[in-house]
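Enquirer: File follows, run-v1.tsv with TSV, C-alpha atoms and all ligand atoms:
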```
chain	number	residue	atom	x	y	z
A	1	MET	CA	44.51	12.04	182.03
A	2	ASN	CA	42.30	12.30	178.99
A	3	TYR	CA	39.88	9.40	179.10
A	4	GLN	CA	38.93	9.52	175.45
A	5	SER	CA	40.42	8.46	172.16
A	6	ASN	CA	41.61	10.82	169.42
A	7	ARG	CA	38.55	9.66	167.56
A	8	ILE	CA	36.30	11.18	170.22
A	9	ASP	CA	38.56	14.21	170.67
A	10	GLN	CA	37.94	15.30	167.09
A	11	ILE	CA	34.15	15.37	167.48
A	12	PRO	CA	33.20	19.07	167.68
A	13	PRO	CA	31.24	20.21	170.75
A	14	TYR	CA	27.53	19.57	170.46
A	15	LEU	CA	26.15	22.60	168.66
A	16	PHE	CA	22.92	22.58	170.57
A	17	ALA	CA	24.63	22.46	173.96
A	18	GLU	CA	24.72	26.26	174.26
A	19	ILE	CA	21.09	26.62	173.14
A	20	ASN	CA	20.00	23.84	175.52
A	21	LYS	CA	21.78	25.56	178.41
A	22	LYS	CA	20.00	28.85	177.65
A	23	LYS	CA	16.71	27.01	177.22
A	24	ALA	CA	17.06	25.32	180.62
A	25	ALA	CA	17.90	28.64	182.31
A	26	MET	CA	14.91	30.35	180.67
A	27	ILE	CA	12.50	27.56	181.66
A	28	GLU	CA	13.87	27.88	185.21
A	29	ALA	CA	13.09	31.60	185.05
A	30	GLY	CA	9.52	30.81	184.02
A	31	VAL	CA	9.75	31.74	180.32
A	32	ASP	CA	7.16	30.06	178.08
A	33	ILE	CA	9.49	28.43	175.54
A	34	ILE	CA	8.27	27.59	172.02
A	35	ASP	CA	10.67	24.97	170.72
A	36	LEU	CA	10.82	24.96	166.93
A	37	GLY	CA	14.22	23.32	167.05
A	38	ILE	CA	13.37	19.70	167.59
A	39	GLY	CA	12.90	17.25	164.73
A	40	ASP	CA	10.64	14.94	166.70
A	41	PRO	CA	6.96	14.84	165.65
A	42	ASP	CA	4.63	16.04	168.43
A	43	LEU	CA	1.73	13.94	167.11
A	44	PRO	CA	1.16	10.57	168.83
A	45	THR	CA	1.93	7.16	167.35
A	46	PRO	CA	-1.34	5.85	165.81
A	47	LYS	CA	-3.22	3.66	168.27
A	48	HIS	CA	-3.37	0.54	166.08
A	49	ILE	CA	0.45	0.44	166.05
A	50	VAL	CA	0.80	0.85	169.82
A	51	ASP	CA	-1.89	-1.82	170.35
A	52	LYS	CA	0.00	-4.22	168.09
A	53	LEU	CA	3.18	-3.63	170.10
A	54	THR	CA	1.36	-4.33	173.37
A	55	GLU	CA	-0.11	-7.52	171.94
A	56	GLU	CA	3.24	-8.82	170.64
A	57	LEU	CA	4.88	-8.08	173.99
A	58	GLN	CA	2.65	-10.72	175.62
A	59	ASP	CA	4.28	-13.60	173.71
A	60	PRO	CA	7.35	-14.81	175.65
A	61	LYS	CA	8.98	-16.06	172.40
A	62	ASN	CA	9.10	-12.46	171.22
A	63	LEU	CA	11.25	-11.43	174.17
A	64	LYS	CA	14.22	-13.67	173.32
A	65	TYR	CA	17.25	-12.49	171.37
A	66	PRO	CA	15.95	-11.35	168.00
A	67	SER	CA	17.41	-12.54	164.69
A	68	PHE	CA	20.57	-10.60	163.74
A	69	VAL	CA	19.17	-9.53	160.40
A	70	GLY	CA	15.65	-8.64	161.47
A	71	CYS	CA	12.43	-10.65	161.61
A	72	THR	CA	10.92	-11.94	158.38
A	73	GLU	CA	7.58	-10.12	158.91
A	74	PHE	CA	9.32	-6.78	159.07
A	75	LYS	CA	11.60	-7.33	156.09
A	76	THR	CA	8.72	-8.67	154.03
A	77	ALA	CA	6.63	-5.63	154.99
A	78	VAL	CA	9.44	-3.33	153.79
A	79	ALA	CA	9.61	-5.22	150.48
A	80	GLU	CA	5.81	-4.94	150.15
A	81	PHE	CA	6.00	-1.22	150.85
A	82	TYR	CA	8.60	-0.77	148.09
A	83	TYR	CA	6.46	-2.65	145.60
A	84	ARG	CA	3.29	-0.80	146.54
A	85	GLN	CA	4.84	2.67	146.71
A	86	TYR	CA	7.47	2.55	143.95
A	87	GLY	CA	6.93	-0.64	141.95
A	88	VAL	CA	10.39	-1.77	143.12
A	89	GLU	CA	10.92	-5.48	143.77
A	90	LEU	CA	13.18	-6.42	146.68
A	91	ASN	CA	14.26	-9.77	148.02
A	92	PRO	CA	13.42	-9.43	151.73
A	93	GLU	CA	16.19	-11.84	152.73
A	94	THR	CA	19.11	-10.33	150.82
A	95	GLU	CA	18.05	-6.79	149.91
A	96	VAL	CA	16.49	-5.59	153.18
A	97	LEU	CA	18.06	-5.27	156.63
A	98	ALA	CA	16.31	-4.16	159.83
A	99	LEU	CA	17.98	-1.33	161.76
A	100	ILE	CA	17.68	0.04	165.30
A	101	GLY	CA	16.48	3.30	163.78
A	102	SER	CA	17.98	4.46	160.49
A	103	LYS	CA	20.52	6.59	162.38
A	104	GLU	CA	22.14	3.39	163.66
A	105	GLY	CA	22.43	2.00	160.13
A	106	ILE	CA	23.73	5.28	158.69
A	107	ALA	CA	26.41	5.47	161.39
A	108	HIS	CA	27.42	1.82	160.91
A	109	LEU	CA	27.44	2.00	157.11
A	110	VAL	CA	30.43	4.35	157.15
A	111	PRO	CA	32.93	1.94	158.80
A	112	THR	CA	31.40	-0.83	156.64
A	113	LEU	CA	32.57	0.89	153.44
A	114	VAL	CA	35.25	3.35	154.49
A	115	ASP	CA	38.83	2.76	155.59
A	116	PRO	CA	40.91	5.39	157.41
A	117	GLY	CA	41.75	8.20	155.02
A	118	ASP	CA	39.03	7.38	152.48
A	119	TYR	CA	36.60	10.13	151.52
A	120	VAL	CA	32.86	10.33	152.02
A	121	LEU	CA	30.89	12.78	149.86
A	122	ILE	CA	28.45	14.62	152.09
A	123	PRO	CA	25.79	17.20	151.21
A	124	ASP	CA	26.32	20.53	152.98
A	125	PRO	CA	24.06	21.38	154.82
A	126	SER	CA	22.86	17.98	156.02
A	127	TYR	CA	22.03	15.67	158.93
A	128	PRO	CA	25.15	15.80	161.16
A	129	VAL	CA	25.36	11.99	161.58
A	130	TYR	CA	26.89	11.58	158.07
A	131	ARG	CA	29.80	13.82	159.07
A	132	MET	CA	30.29	12.51	162.62
A	133	ALA	CA	30.18	8.85	161.54
A	134	THR	CA	32.87	9.65	158.98
A	135	LEU	CA	35.08	11.24	161.63
A	136	LEU	CA	34.53	8.29	163.97
A	137	ALA	CA	35.63	5.93	161.19
A	138	ASN	CA	38.79	8.04	160.69
A	139	GLY	CA	37.52	8.88	157.22
A	140	GLN	CA	37.57	12.30	155.61
A	141	TYR	CA	34.58	14.12	154.25
A	142	TYR	CA	34.17	16.26	151.19
A	143	HIS	CA	31.31	18.71	151.41
A	144	MET	CA	29.08	18.99	148.36
A	145	PRO	CA	27.58	22.47	148.81
A	146	LEU	CA	23.83	22.74	148.27
A	147	SER	CA	22.45	26.07	147.14
A	148	LYS	CA	18.93	27.33	146.65
A	149	GLU	CA	19.80	28.31	143.06
A	150	ASN	CA	20.59	24.65	142.36
A	151	ASN	CA	17.43	23.30	144.10
A	152	PHE	CA	19.72	22.12	146.91
A	153	GLU	CA	21.12	19.43	144.61
A	154	PRO	CA	24.89	18.76	144.60
A	155	ASP	CA	26.86	19.76	141.52
A	156	PHE	CA	28.54	16.41	140.82
A	157	LYS	CA	30.80	17.93	138.14
A	158	ALA	CA	32.35	20.27	140.71
A	159	ILE	CA	33.84	17.42	142.80
A	160	PRO	CA	37.61	17.29	142.16
A	161	LYS	CA	38.93	14.15	140.39
A	162	GLU	CA	41.47	13.42	143.17
A	163	ILE	CA	38.62	13.34	145.69
A	164	LEU	CA	36.48	11.08	143.50
A	165	LYS	CA	39.35	8.60	143.24
A	166	CYS	CA	39.45	8.04	147.00
A	167	SER	CA	35.69	8.35	147.69
A	168	LYS	CA	34.03	5.22	149.03
A	169	LEU	CA	30.55	6.54	149.73
A	170	MET	CA	28.16	9.38	148.88
A	171	PHE	CA	25.21	10.44	151.02
A	172	LEU	CA	22.05	12.01	149.59
A	173	ASN	CA	18.83	12.97	151.40
A	174	TYR	CA	15.49	13.98	149.81
A	175	PRO	CA	13.06	15.26	151.02
A	176	GLY	CA	15.94	16.94	152.78
A	177	ASN	CA	16.67	17.75	156.37
A	178	PRO	CA	17.29	20.67	156.92
A	179	THR	CA	16.62	22.08	153.42
A	180	ALA	CA	13.14	20.56	152.85
A	181	ALA	CA	14.29	20.19	149.23
A	182	THR	CA	12.66	17.55	147.03
A	183	VAL	CA	13.81	16.02	143.74
A	184	ASP	CA	12.30	14.12	140.84
A	185	VAL	CA	13.46	10.77	139.41
A	186	GLU	CA	15.57	12.58	136.83
A	187	PHE	CA	17.91	13.75	139.60
A	188	PHE	CA	18.32	10.18	140.86
A	189	HIS	CA	19.09	9.11	137.27
A	190	ARG	CA	21.93	11.60	137.16
A	191	ALA	CA	23.17	10.60	140.60
A	192	VAL	CA	23.16	6.85	139.79
A	193	THR	CA	24.88	7.40	136.43
A	194	PHE	CA	27.55	9.51	138.11
A	195	ALA	CA	28.03	6.98	140.92
A	196	ARG	CA	28.32	4.08	138.49
A	197	ASN	CA	30.83	5.97	136.33
A	198	HIS	CA	33.03	6.61	139.35
A	199	ASN	CA	32.24	3.43	141.25
A	200	ILE	CA	31.10	5.26	144.39
A	201	PRO	CA	28.25	3.68	146.38
A	202	ILE	CA	25.30	5.97	147.15
A	203	ALA	CA	23.39	5.88	150.43
A	204	HIS	CA	20.11	7.71	150.02
A	205	ASP	CA	18.51	8.71	153.32
A	206	SER	CA	14.75	8.72	152.76
A	207	ALA	CA	13.63	9.47	156.34
A	208	TYR	CA	10.95	11.89	155.01
A	209	ASN	CA	9.86	9.75	152.02
A	210	MET	CA	6.21	9.80	153.09
A	211	VAL	CA	6.06	13.31	154.57
A	212	THR	CA	4.97	15.08	151.38
A	213	PHE	CA	2.35	17.63	150.37
A	214	ASP	CA	-0.27	18.12	147.69
A	215	SER	CA	0.28	15.89	144.69
A	216	TYR	CA	4.04	15.49	145.17
A	217	LYS	CA	5.22	11.92	145.61
A	218	ALA	CA	8.86	11.47	146.63
A	219	PRO	CA	10.68	9.01	144.37
A	220	SER	CA	12.98	6.23	145.60
A	221	ILE	CA	16.52	6.00	144.25
A	222	LEU	CA	15.85	2.28	143.84
A	223	GLU	CA	13.34	3.09	141.07
A	224	ILE	CA	16.25	3.84	138.75
A	225	GLU	CA	17.32	0.96	136.55
A	226	GLY	CA	20.69	-0.38	137.63
A	227	SER	CA	20.60	1.59	140.89
A	228	LYS	CA	20.77	-1.58	142.99
A	229	GLU	CA	24.27	-2.16	141.62
A	230	ILE	CA	25.53	0.94	143.39
A	231	SER	CA	23.02	2.14	145.96
A	232	VAL	CA	21.18	1.51	149.16
A	233	GLU	CA	18.30	3.49	150.62
A	234	PHE	CA	17.71	4.10	154.31
A	235	GLY	CA	14.15	4.33	155.53
A	236	SER	CA	12.59	4.95	158.88
A	237	LEU	CA	9.28	4.47	160.62
A	238	SER	CA	10.09	7.44	162.87
A	239	LYS	CA	8.73	10.35	160.83
A	240	THR	CA	6.13	8.47	158.75
A	241	TYR	CA	4.26	6.99	161.72
A	242	ASN	CA	5.49	9.17	164.63
A	243	MET	CA	7.54	6.26	165.96
A	244	THR	CA	10.79	8.04	166.84
A	245	GLY	CA	11.07	6.35	170.25
A	246	PHE	CA	10.52	2.85	168.85
A	247	ARG	CA	13.94	2.90	167.14
A	248	ILE	CA	13.09	1.03	164.00
A	249	GLY	CA	14.25	1.57	160.43
A	250	TYR	CA	15.68	-0.35	157.51
A	251	VAL	CA	18.14	-0.26	154.66
A	252	ALA	CA	17.21	-1.63	151.23
A	253	GLY	CA	19.04	-2.15	147.95
A	254	ASN	CA	22.49	-3.52	147.04
A	255	SER	CA	22.83	-7.00	148.55
A	256	LYS	CA	26.64	-6.88	148.92
A	257	ILE	CA	26.54	-3.64	150.89
A	258	ILE	CA	23.69	-5.02	153.01
A	259	LYS	CA	25.64	-8.23	153.65
A	260	ALA	CA	28.73	-6.27	154.69
A	261	LEU	CA	26.70	-4.01	156.99
A	262	SER	CA	25.04	-7.05	158.56
A	263	ILE	CA	28.49	-8.48	159.38
A	264	LEU	CA	29.42	-5.31	161.22
A	265	LYS	CA	26.05	-5.20	162.97
A	266	SER	CA	26.09	-8.86	164.01
A	267	ASN	CA	29.31	-8.11	165.89
A	268	THR	CA	27.94	-4.94	167.47
A	269	ASP	CA	24.24	-5.22	168.28
A	270	THR	CA	21.78	-8.05	168.22
A	271	GLY	CA	18.91	-6.36	166.47
A	272	GLN	CA	15.76	-4.61	167.62
A	273	LEU	CA	13.18	-6.15	170.01
A	274	THR	CA	10.91	-8.44	167.99
A	275	PRO	CA	7.57	-6.85	169.11
A	276	ILE	CA	8.85	-3.50	167.85
A	277	GLN	CA	9.72	-5.05	164.50
A	278	LYS	CA	6.30	-6.72	164.33
A	279	ALA	CA	4.50	-3.49	165.23
A	280	ALA	CA	6.54	-1.77	162.50
A	281	ALA	CA	5.58	-4.47	159.99
A	282	PHE	CA	1.96	-3.87	160.98
A	283	ALA	CA	2.37	-0.11	160.51
A	284	LEU	CA	3.72	-0.64	156.98
A	285	THR	CA	1.02	-3.08	155.92
A	286	SER	CA	-2.16	-1.88	157.67
A	287	ASP	CA	-4.34	1.21	157.11
A	288	GLN	CA	-2.19	4.06	155.78
A	289	SER	CA	-4.73	6.86	156.25
A	290	CYS	CA	-2.77	8.17	159.27
A	291	ILE	CA	-0.05	9.36	156.87
A	292	THR	CA	-2.47	11.54	154.91
A	293	LYS	CA	-3.87	12.88	158.18
A	294	HIS	CA	-0.44	13.79	159.57
A	295	ASN	CA	0.61	15.41	156.32
A	296	GLN	CA	-2.53	17.55	156.30
A	297	ILE	CA	-1.63	18.80	159.76
A	298	TYR	CA	1.94	19.62	158.69
A	299	LYS	CA	0.65	21.34	155.56
A	300	GLU	CA	-1.68	23.55	157.60
A	301	ARG	CA	1.16	24.48	159.97
A	302	MET	CA	3.50	25.03	157.03
A	303	THR	CA	1.06	27.44	155.37
A	304	ALA	CA	0.57	29.39	158.62
A	305	MET	CA	4.30	29.61	159.27
A	306	LEU	CA	5.18	30.63	155.70
A	307	GLU	CA	2.65	33.48	155.98
A	308	GLY	CA	4.05	34.44	159.37
A	309	LEU	CA	7.60	34.50	158.07
A	310	LYS	CA	6.50	36.57	155.09
A	311	SER	CA	5.07	39.14	157.48
A	312	ILE	CA	8.56	39.60	158.97
A	313	GLY	CA	10.13	39.81	155.52
A	314	VAL	CA	11.36	36.23	155.27
A	315	GLU	CA	10.24	34.67	151.98
A	316	VAL	CA	10.42	30.92	151.43
A	317	ASP	CA	8.99	28.82	148.58
A	318	PRO	CA	6.45	26.31	149.95
A	319	PRO	CA	8.27	22.98	150.50
A	320	LYS	CA	6.84	19.81	148.98
A	321	GLY	CA	8.20	17.52	151.66
A	322	SER	CA	9.62	17.14	155.22
A	323	PHE	CA	8.29	19.05	158.23
A	324	PHE	CA	10.91	21.79	158.07
A	325	ILE	CA	11.14	25.29	156.72
A	326	TRP	CA	14.63	26.35	155.66
A	327	ALA	CA	14.62	30.12	155.69
A	328	PRO	CA	17.17	32.87	155.04
A	329	VAL	CA	18.02	34.95	158.14
A	330	PRO	CA	16.97	38.62	158.00
A	331	LYS	CA	19.59	41.09	156.75
A	332	GLY	CA	22.31	42.06	159.20
A	333	TYR	CA	22.40	38.81	161.20
A	334	THR	CA	24.51	35.66	161.04
A	335	SER	CA	22.60	32.44	161.67
A	336	THR	CA	23.87	32.20	165.25
A	337	GLU	CA	23.16	35.89	165.98
A	338	PHE	CA	19.62	35.66	164.69
A	339	VAL	CA	18.79	32.46	166.53
A	340	THR	CA	20.39	33.70	169.76
A	341	ASN	CA	18.54	37.03	169.55
A	342	VAL	CA	15.23	35.33	168.91
A	343	LEU	CA	15.73	32.93	171.82
A	344	GLU	CA	16.83	35.58	174.31
A	345	GLN	CA	14.13	38.07	173.39
A	346	THR	CA	11.16	35.81	172.63
A	347	GLY	CA	11.74	32.34	174.08
A	348	VAL	CA	11.38	30.85	170.59
A	349	ILE	CA	13.94	28.18	169.70
A	350	LEU	CA	15.10	27.96	166.08
A	351	THR	CA	18.05	25.97	164.73
A	352	PRO	CA	20.94	27.96	163.23
A	353	GLY	CA	21.70	26.81	159.67
A	354	ASN	CA	25.43	26.43	160.31
A	355	ALA	CA	24.65	23.54	162.70
A	356	PHE	CA	24.17	21.47	159.52
A	357	GLY	CA	27.42	22.46	157.79
A	358	PRO	CA	29.16	25.64	156.61
A	359	SER	CA	26.81	26.16	153.64
A	360	GLY	CA	23.94	26.43	156.12
A	361	GLU	CA	25.28	29.82	157.24
A	362	GLY	CA	22.72	32.51	156.46
A	363	PHE	CA	19.77	30.20	157.11
A	364	PHE	CA	17.71	28.98	160.03
A	365	ARG	CA	15.53	25.89	160.33
A	366	VAL	CA	11.99	25.85	161.66
A	367	SER	CA	10.55	22.52	162.71
A	368	LEU	CA	6.76	22.28	162.41
A	369	SER	CA	6.45	20.05	165.46
A	370	VAL	CA	4.11	22.35	167.40
A	371	PRO	CA	0.44	23.28	166.75
A	372	THR	CA	-0.47	26.19	164.47
A	373	GLU	CA	-1.47	28.49	167.39
A	374	ARG	CA	2.03	28.15	168.83
A	375	LEU	CA	3.61	28.88	165.46
A	376	ASN	CA	1.48	32.03	165.18
A	377	GLU	CA	2.43	32.99	168.73
A	378	ALA	CA	6.12	32.50	167.85
A	379	VAL	CA	5.83	34.79	164.84
A	380	ASN	CA	3.95	37.43	166.84
A	381	ARG	CA	6.65	37.48	169.50
A	382	ILE	CA	9.41	37.81	166.89
A	383	LYS	CA	7.47	40.58	165.17
A	384	GLN	CA	7.00	42.51	168.42
A	385	LYS	CA	10.43	42.04	169.99
A	386	LEU	CA	12.82	42.07	167.06
A	387	LYS	CA	12.57	45.18	165.02
A	388	ILE	CA	13.10	43.60	161.63
A	389	THR	CA	12.74	46.08	158.80
A	390	VAL	CA	10.85	44.61	155.91
A	391	SER	CA	12.53	45.86	152.76
B	1	LIG	C1	15.22	11.78	161.82
B	1	LIG	C2	16.24	11.50	160.77
B	1	LIG	C3	16.91	10.27	160.69
B	1	LIG	C4	16.87	9.23	161.79
B	1	LIG	O1	15.75	8.55	161.92
B	1	LIG	P1	15.67	7.30	162.91
B	1	LIG	O2	15.15	6.21	162.05
B	1	LIG	O3	14.75	7.72	164.00
B	1	LIG	O4	17.05	6.98	163.42
B	1	LIG	C5	17.75	10.03	159.63
B	1	LIG	N1	17.98	10.98	158.70
B	1	LIG	C6	17.40	12.18	158.76
B	1	LIG	C7	17.70	13.17	157.71
B	1	LIG	C8	16.52	12.49	159.81
B	1	LIG	O5	15.99	13.72	159.89
```
Just give me the structure as structure tokens.

Expert:
Amino acid sequence: MNYQSNRIDQIPPYLFAEINKKKAAMIEAGVDIIDLGIGDPDLPTPKHIVDKLTEELQDPKNLKYPSFVGCTEFKTAVAEFYYRQYGVELNPETEVLALIGSKEGIAHLVPTLVDPGDYVLIPDPSYPVYRMATLLANGQYYHMPLSKENNFEPDFKAIPKEILKCSKLMFLNYPGNPTAATVDVEFFHRAVTFARNHNIPIAHDSAYNMVTFDSYKAPSILEIEGSKEISVEFGSLSKTYNMTGFRIGYVAGNSKIIKALSILKSNTDTGQLTPIQKAAAFALTSDQSCITKHNQIYKERMTAMLEGLKSIGVEVDPPKGSFFIWAPVPKGYTSTEFVTNVLEQTGVILTPGNAFGPSGEGFFRVSLSVPTERLNEAVNRIKQKLKITVS
């Protein structure tokens, strides 16, 4: 007896399962593992945010069922953030919805907009949730390949007309995971124009909107005139404020899409714990200097790692956003071979590019979620153990 639906049957085996098994065995054997695979910031949640959570937990009112659509403080704080950061005005009641982490909203948006057989346009490589949520909704996905030559932007003109006709949703993600690619407003202009011409809603995943370096400021798709007619933007507190475990995010933009998603959600979950929403509102509206501080740390790690990679012959342009490095594997390896070799010989965990889609083959992802000394140590081990010939 197979106790799972066809829907679950079609979900491919977890790509990290094999790596996790090896990792566990190596830890057991006493190997000092350096995990550059995880996308979870190692830095702590700023104290003022944790304190606010603790304070809000003391009020018994806050421990009742929350409002289905999110508490007013949180939604207002998101609207304030959009005005402050992008000059975008949002109605907190109709154009903002609180989510139990943006992953939850991304996964629920697909069945909100997609019927069985409909297509979802998905960047390749990208965050696996877009693809898996599509499969779980019995939808089909069309991969928009991202290449370095094209700044990891999809070539909208290359999408076949027959696919466009049955597409009900397009995902975009900048600064990108895993590519670390960033775009300017002009790209969002093109995307919104294309989406409006073909009547395909866009969901822009802006999880790394505030993880940026130097003078680069990541734009919002909602800055584009008319974009609210066709798009929503997902945002998260997870990466900006090191709040991954809090499970709090939001979606902003088109009010009809937000209404539809809230109908699905009100029949599925009952919203996030109010003190978490209030702590998140506080994070968005109080002192923002922690963001600059975190980004400086990532930048320092990034610089060290880029130099380290260069010394083993792997050249990558310095990313302007995200805490990832998306690097080509050395000659003679596939992504899986390289990552497996590195793990077995050095105890350093990297993510193989093909875990993010077929166009990720030939790349590996480094997450900068460990201190600089550990990054240097990782590079030294790779240099010593893997005889990579620098051409
Ligand atoms: C981390 C991440 C998310 C999920 O963030 P949560 O708000 O913690 O669910 C969404 N998209 C991308 C690309 C991410 O890397």

Enquirer: Out of A:Ile291, A:Leu57, A:Leu375, A:Val211, which residue has the shortest atom-to-atom distance to ligand LIG 1 (chain B) when counting only C-alpha atoms and all ligand atoms?

Expert: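 Nearest to ligand LIG 1 (chain B): A:Val211.
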
Enquirer: What's the 12 Å shell around Ile382 (chain A), counting all atoms listed in the file, without same-chain residues fewer than 6 positions away, as a VMD selection string?

Expert: chain A and resid 34 308 to 309 311 to 314 330 338 to 339 341 to 350 375 to 376 388

Enquirer: Pick out the residues no farther than 10 Å from ligand LIG 1 (chain B), counting only C-alpha atoms and all ligand atoms, and list them as a PyMOL selection string.

Expert: chain A and resi 38-41+99-107+126-130+172-180+204-208+234-240+242-250+322-324

Enquirer: Excluding Met302 (chain A) and any residue of its chain fewer than 3 positions from it, enumerate the residues within 10 Å of it, using all atoms listed in the file, and give them as a ChimeraX atom specification.

Expert: /A:296-299,305-308,318-319,323-325,366-368,372,375

Enquirer: Which residue, A:Leu386, A:Val31, A:Ala195, A:Val370, has the smallest gap to Tyr333 (chain A) when you use all atoms listed in the file?

Expert: A:Leu386

Enquirer: Report, in Å with one decimal, the straight-line distance from CA of Ser67 (chain A) to CA of Tyr83 (chain A).

Expert: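 Going from CA of Ser67 (chain A) over to CA of Tyr83 (chain A) covers 24.1 Å.
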
Enquirer: What gap, in Å, lies between CA of Leu273 (chain A) and CA of Pro66 (chain A)?

Expert: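 Answer for the CA of Leu273 (chain A) to CA of Pro66 (chain A) separation: 6.2 Å.
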
Enquirer: For a quick check of understanding, using all atoms listed in the file, which of A:Gly360, A:Gln4, A:Ala203, A:Glu337 has the smallest distance to Phe152 (chain A)?

Expert: A:Gly360

Enquirer: Which polymer residues have any atom within 8 Å of an atom of Pro92 (chain A), counting only C-alpha atoms, with same-chain residues fewer than 2 positions away left out, as number ranges by chain?

Expert: A: 72, 75-76, 78-79, 90, 94-97

Enquirer: Could you please determine the separation between CA of Phe364 (chain A) and CA of Ser335 (chain A) in Å, to one decimal place?

Expert: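 A separation of 6.2 Å between them.
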
Enquirer: Could you check which of A:Leu43, A:Glu56, A:Val69, A:Leu63 is closest to Asn267 (chain A), using only C-alpha atoms?

Expert: A:Val69

Enquirer: As JSON, please report the centre and edge lengths, rounded to one decimal in Å, of the axis-aligned box that holds all listed atoms of region 215-225 of chain A with 3 Å of padding on each of the six sides.

Expert:
```
{"center_x": 8.8, "center_y": 8.4, "center_z": 141.6, "size_x": 23.0, "size_y": 20.9, "size_z": 16.1}
```

Enquirer: Here is a test: counting only C-alpha atoms, which residue of A:Pro125, A:Gly37, A:Gly87, A:Pro13 is nearest to Ala181 (chain A)?

Expert: A:Pro125
